[in-house]
Amino acid sequence: MHDTILAHGKAPFAGASRLEPFALKDAPALIEAVFPAQKVSFEAQRERKAGAGQTLTALGSYWKGRKPLILVRAIVLGSLLPQTDDPEKDLEVFEQLMAFDEGGLARREPKINPADIAQRVALEEPWNYFIASLKGNSQDKQKIADAQFPLDLDLYPGLNIRWRRDIDEVDKLDLLARALATWPTYEERAALCKRPEEMDQAVLYAPIWPAVNAHLGHLGIEAHSHQELVEQLGILRYGHRPRVGDTFCGGGSIPFEAARLGCDVYASDLNPIACMLTWGALNIIGAPAERRAEIERAQREVAEAVDREITALGIEHDSQGNRAKAYLYCLETRCPETGWMVPMAPSWVISKTRNVIAQLIPDNVNQRFDIEVQSGVSAAAMKAAERGTMHEGNLVYELDGKTHRMPIKTLRGDYSDADGDVANLLRRWEQEDFKPHAGDIFQERLYAIQWITKETLDSSRRETFFASVSAGDLERERKVDAIVERNLAEWQERGLVPDMELEPGGPPRYQGKSLITNLGWRYWHQLFNPRKLILGAILRKYGTSPANLVFLARTLNRSSKLCMWEGPSGYESTSHVFTNQALNALNNWGVRGWVFLEDLYLCETLQWDVSQRYLIKQCPSNVVDFDADFWITDPPYADAVMYHEITDFFIAWLRKNPPPPFDQWTWDSRRDLAIKGSGDDFRRGMVEAYKAMTHHMPDNGMQCVMFTHQDSGVWSDMVSIFWASGLQVVGAWYIATETTSELKKGGFVQGTVILMLRKRPFGDRPGFKQRILPEVKREVDAQIKQMMHLNTETQTKMGAPVFNDSDLQMAGYAAALKVLTGYTSIGGEDVTAFALRPRRKGETTVVDEIVEQAAETANGLLVPEGLERETWAAIGGMQRFYLRMLDMETTGAAKLDNYQNFAKAFRVADYAAVMASIKPNAARLKSITEFKPRDLTDRTELGPTPLGALIVAIQEFLAEKDPAVVMANLRDALVDYLDKRPILMDMADFIAAKARGAEIRRAAEAIASRIRHQRLQ
């Protein structure tokens, strides 16, 4: 198996003979102790928000949940690098390799101009680096010549500062680094810079290799690129170039980035679309320059052939020679109340940017509506057009001054069948159907066309206009229908268009059910307009190479009757099918002409010359026949995307007569074999998968598992799985990302746990809960104290700590699980039997207890700065949450995932009750003055606590109540006031130091003083 891969490779680097193979065989990996999780989180978030700027999404943005490449890179490097006796230097070198250090940021082309530097950096000889020009008299110019940096630019109106042309590049980078250092946080500094991936890698990393080689030189390391370093570290650890495996390869992030770093790669997935995208990542984006040129040449040839055939058919040009860019269609139905045929659309706005609408004109003779396209209409007309004929599940239209409303479920004739499922009177389409029958409840109607003018067809700036549908357009529609009707059976037989059926008896969450129920469609080709069936057949006929199938799948995502026309939102375009994770039936949609689709087919992707030493297989995750030194996986869990269902959309087009190597795969979603959901079947499937990987890993190998952090149940299940697979936890990190979306009301926060594992040592090691719990406490305590010490050291020497509270808490979990997963049985029960035993509702397992204790131990150590340890120990729940997050807000470190995670850690039932906002990037606590009386009653989590009483007292003080009355009320509010007095005083001092708003701080300080000097009887 390895020979198959290595045959594509190149010889080891010239200096490999200087290394001692296996010298690092038993050395702990750096990622087990040190990992810049917060910086990785920020860079991962930036990559994910880069949209089309991401490397792999150009191949298929429809694949959801790809892990950021920067995260994979950090994991690979952190798993290969060794720990030394200088953890600060280890961290420094790691950050240089990631371009997170000050020098790396400076080389990432920060958006800092000379004027910014002038205001931020002290320089004795600034004019050695800059040239200044200033309008004014000679005295002003002399004043500038004598000025010292930093400058107050307000004193020099009209001053222009620019770089000297002869400035040395080293000096320029030094100034940029010094300027960047004046921004207080890494996030603020990095936000000014390009992402590392956007830079020329040789230029970005050239200066780091002397420092890297000096730090690792005692091992024989002499590297001048990441690829050389990775190969050398592989030899030191495993005796050869490192081999990375991923049995849930999905969109290909892990195999691609491992190959880009120079590793040998094994990738597998049950889903053929995942295998195709991974193949595309390595063979299209990762192709050598000559091969990439061949692919692009072949793409252009296919595009030209398609254009010739479409043009010859005469279905996209009008009589004046204009060419269609987009066609707009809608459903149409006969209203049983009036007998009129009514077009169906939620909005009749066609272009928001050009004030184009579709106007319904009653045709009383034929009892239907003509649709007239009007351009440049008034704002009032645009506003009226926003309200279409579909509202909240109803057909709503006006006729002769009367508004008619008819529920869509009534039009369909919805009812419950004998099994209690929803059924209706819609005719179910047959395999030969590609358009509605004349008597069907829902018809399909072309109502507008966007044309490209004949004169600008060959121009880089094409001019377009929208027009109503003409008699000629309808004749071309009939021609399209005739072509499809004449050829559909043959195309399906040849595999040029789908003949696959939607699954009528699919599981409850089956995505295709809504299409069957709402529209009567039963076959995948019925999701496509006849025009797209013609175009798809032509593309499939000419594009027979594997690369062309990758790009065909990309175009299909914009070619279906599930593609919304985005004109009402301001874009003259069609949406993706998979803007979310469902197959949603639409009332109106857009269909692209070939000239509008061609750009997608000929998409320009980034190009990286990555390692071609790889193997891709389509197989279940428990079928492994490749030995990897470490496995990096992102497995499915719980509410994961149902890939085995939504990818049928693409499989239906690609499954017949695929080219090599795709012909080696089974073109079926294989849903019965997919690991999905949660519960007992999920755990059994996962244990089989991870046992297989563990079996195909050397004794000093590692595994990294990424999973979405949802709740403590995730921890319990996932840890039980790895424990039963013969693995021991050795580290855990939390990578946070935040997104906002109009498709998801409120905030949708995703945090990824990076769990590091090794093989459990051989031999039987029985354990008992009474023995394990004290051991867990000691391990957690030692781990967190060690990390806090490193924080202190890095804060002193590097200006910022490396770990935040989330990192420390995660490390506490990891330390606890390291202890737990080191045992082979608990209370006499084998760990595999324990892990696979069905969980009873409400049951608390030993894993739950240990995770709980780890959290409690970690939380007990994470005392906010400025609060006494005794106070922290005496409070819990909502009080800890509010004070901890108040402390984090003062440092600017609080983000929505922090609030959510600490709410779980402190077992807060409703953290939103004390939040002023829970929107991503705007999350914050309520200030003292924002609490309402209802927020502080005895029925709330905060109200009955000493902190709740203190907040009321501060509010009363701010309301200028008599201070004596305020203190009396505070005393009366707490039955055990005397016992709570030290806690109240400490919390008041803390609020006086941390609260937003000077008035609140002064009020809290005054109350703290009165508590301190209060005479007690």
# chains A, B, ... in the order shown; residues from 1 in each chain; ligands from 1
>>> residues_around(residues="Pro946 in chain A", least_positions_apart="3", cutoff="8 Å", atoms="only C-alpha atoms", output="ChimeraX atom specification")
/A:949-950,974,980,983-984
>>> write_last_selection(atoms="N, CA and C atoms", output="PDB file, in the first residue's frame")
ATOM      1  N   ALA A 949     -28.431  40.888  45.474  1.00  0.00           N
ATOM      2  CA  ALA A 949     -28.734  41.918  46.466  1.00  0.00           C
ATOM      3  C   ALA A 949     -27.804  43.114  46.308  1.00  0.00           C
ATOM      4  N   LEU A 950     -26.536  42.845  45.971  1.00  0.00           N
ATOM      5  CA  LEU A 950     -25.567  43.925  45.787  1.00  0.00           C
ATOM      6  C   LEU A 950     -25.923  44.782  44.567  1.00  0.00           C
ATOM      7  N   LEU A 974     -30.532  39.798  52.948  1.00  0.00           N
ATOM      8  CA  LEU A 974     -29.801  38.550  53.156  1.00  0.00           C
ATOM      9  C   LEU A 974     -29.938  38.089  54.598  1.00  0.00           C
ATOM     10  N   LYS A 980     -22.073  36.779  55.072  1.00  0.00           N
ATOM     11  CA  LYS A 980     -21.838  37.155  53.672  1.00  0.00           C
ATOM     12  C   LYS A 980     -21.124  38.497  53.536  1.00  0.00           C
ATOM     13  N   ILE A 983     -17.844  38.604  51.604  1.00  0.00           N
ATOM     14  CA  ILE A 983     -18.066  38.313  50.187  1.00  0.00           C
ATOM     15  C   ILE A 983     -18.637  39.545  49.482  1.00  0.00           C
ATOM     16  N   LEU A 984     -19.632  40.187  50.119  1.00  0.00           N
ATOM     17  CA  LEU A 984     -20.236  41.388  49.542  1.00  0.00           C
ATOM     18  C   LEU A 984     -19.199  42.482  49.343  1.00  0.00           C
TER      19      LEU A 984
END
>>> residues_around(residues="Asn424 in chain A", least_positions_apart="2", cutoff="8 Å", atoms="only C-alpha atoms", output="MDAnalysis selection string")
chainID A and resid 412:415 422 426 517
>>> residues_around(residues="Pro114 in chain A", least_positions_apart="6", cutoff="8 Å", atoms="only C-alpha atoms", output="short mmCIF file (atom, residue, chain, number, x, y, z; two decimals) with N, CA and C atoms, in the first residue's frame")
data_model
loop_
_atom_site.label_atom_id
_atom_site.label_comp_id
_atom_site.auth_asym_id
_atom_site.auth_seq_id
_atom_site.Cartn_x
_atom_site.Cartn_y
_atom_site.Cartn_z
N PHE A 130 11.34 57.78 5.80
CA PHE A 130 10.16 58.42 5.20
C PHE A 130 10.54 59.71 4.50
N ILE A 161 3.05 61.84 4.36
CA ILE A 161 4.23 61.03 4.65
C ILE A 161 4.19 59.78 3.79
N ARG A 162 5.32 59.45 3.17
CA ARG A 162 5.39 58.23 2.37
C ARG A 162 6.75 57.57 2.57
N TRP A 163 6.81 56.29 2.18
CA TRP A 163 8.07 55.55 2.34
C TRP A 163 9.13 56.10 1.39
#
>>> select_by_dssp(residues="range 346-521 of chain A", states="alpha helix (DSSP H)", output="ChimeraX atom specification")
/A:379-385,408-412,471-494,513-519
>>> atom_distance(atom1="CA of Leu261 in chain A", atom2="CA of Leu77 in chain A")
8.8 Å
>>> residues_around(residues="range 187-194 of chain A", least_positions_apart="5", cutoff="10 Å", atoms="only C-alpha atoms", output="JSON, numbers by chain")
{"A": [38, 39, 41, 42, 43, 46, 100, 101, 102, 104, 105, 106, 107, 108, 109, 110, 111, 112, 177, 179, 180, 181, 182, 199, 893]}
>>> closest_residue(among="A:Asn518, A:Asn322, A:Gln795, A:Thr844", to="Thr456 in chain A", atoms="only C-alpha atoms")
A:Asn322
>>> decode(residues="range 249-264 of chain A", atoms="C-alpha atoms", output="PDB file, in the first residue's frame")
ATOM      1  CA  CYS A 249     -12.091  12.968   4.499  1.00  0.00           C
ATOM      2  CA  GLY A 250     -15.226  14.936   3.476  1.00  0.00           C
ATOM      3  CA  GLY A 251     -14.293  18.041   1.502  1.00  0.00           C
ATOM      4  CA  GLY A 252     -10.589  17.190   1.671  1.00  0.00           C
ATOM      5  CA  SER A 253      -9.217  19.815   4.068  1.00  0.00           C
ATOM      6  CA  ILE A 254      -7.146  17.401   6.139  1.00  0.00           C
ATOM      7  CA  PRO A 255      -5.580  15.380   3.298  1.00  0.00           C
ATOM      8  CA  PHE A 256      -4.913  18.517   1.251  1.00  0.00           C
ATOM      9  CA  GLU A 257      -3.158  20.452   4.008  1.00  0.00           C
ATOM     10  CA  ALA A 258      -1.157  17.413   5.122  1.00  0.00           C
ATOM     11  CA  ALA A 259      -0.021  16.926   1.515  1.00  0.00           C
ATOM     12  CA  ARG A 260       0.775  20.630   1.183  1.00  0.00           C
ATOM     13  CA  LEU A 261       3.081  20.245   4.190  1.00  0.00           C
ATOM     14  CA  GLY A 262       4.807  17.324   2.472  1.00  0.00           C
ATOM     15  CA  CYS A 263       3.241  14.330   4.226  1.00  0.00           C
ATOM     16  CA  ASP A 264       2.222  11.079   2.572  1.00  0.00           C
TER      17      ASP A 264
END
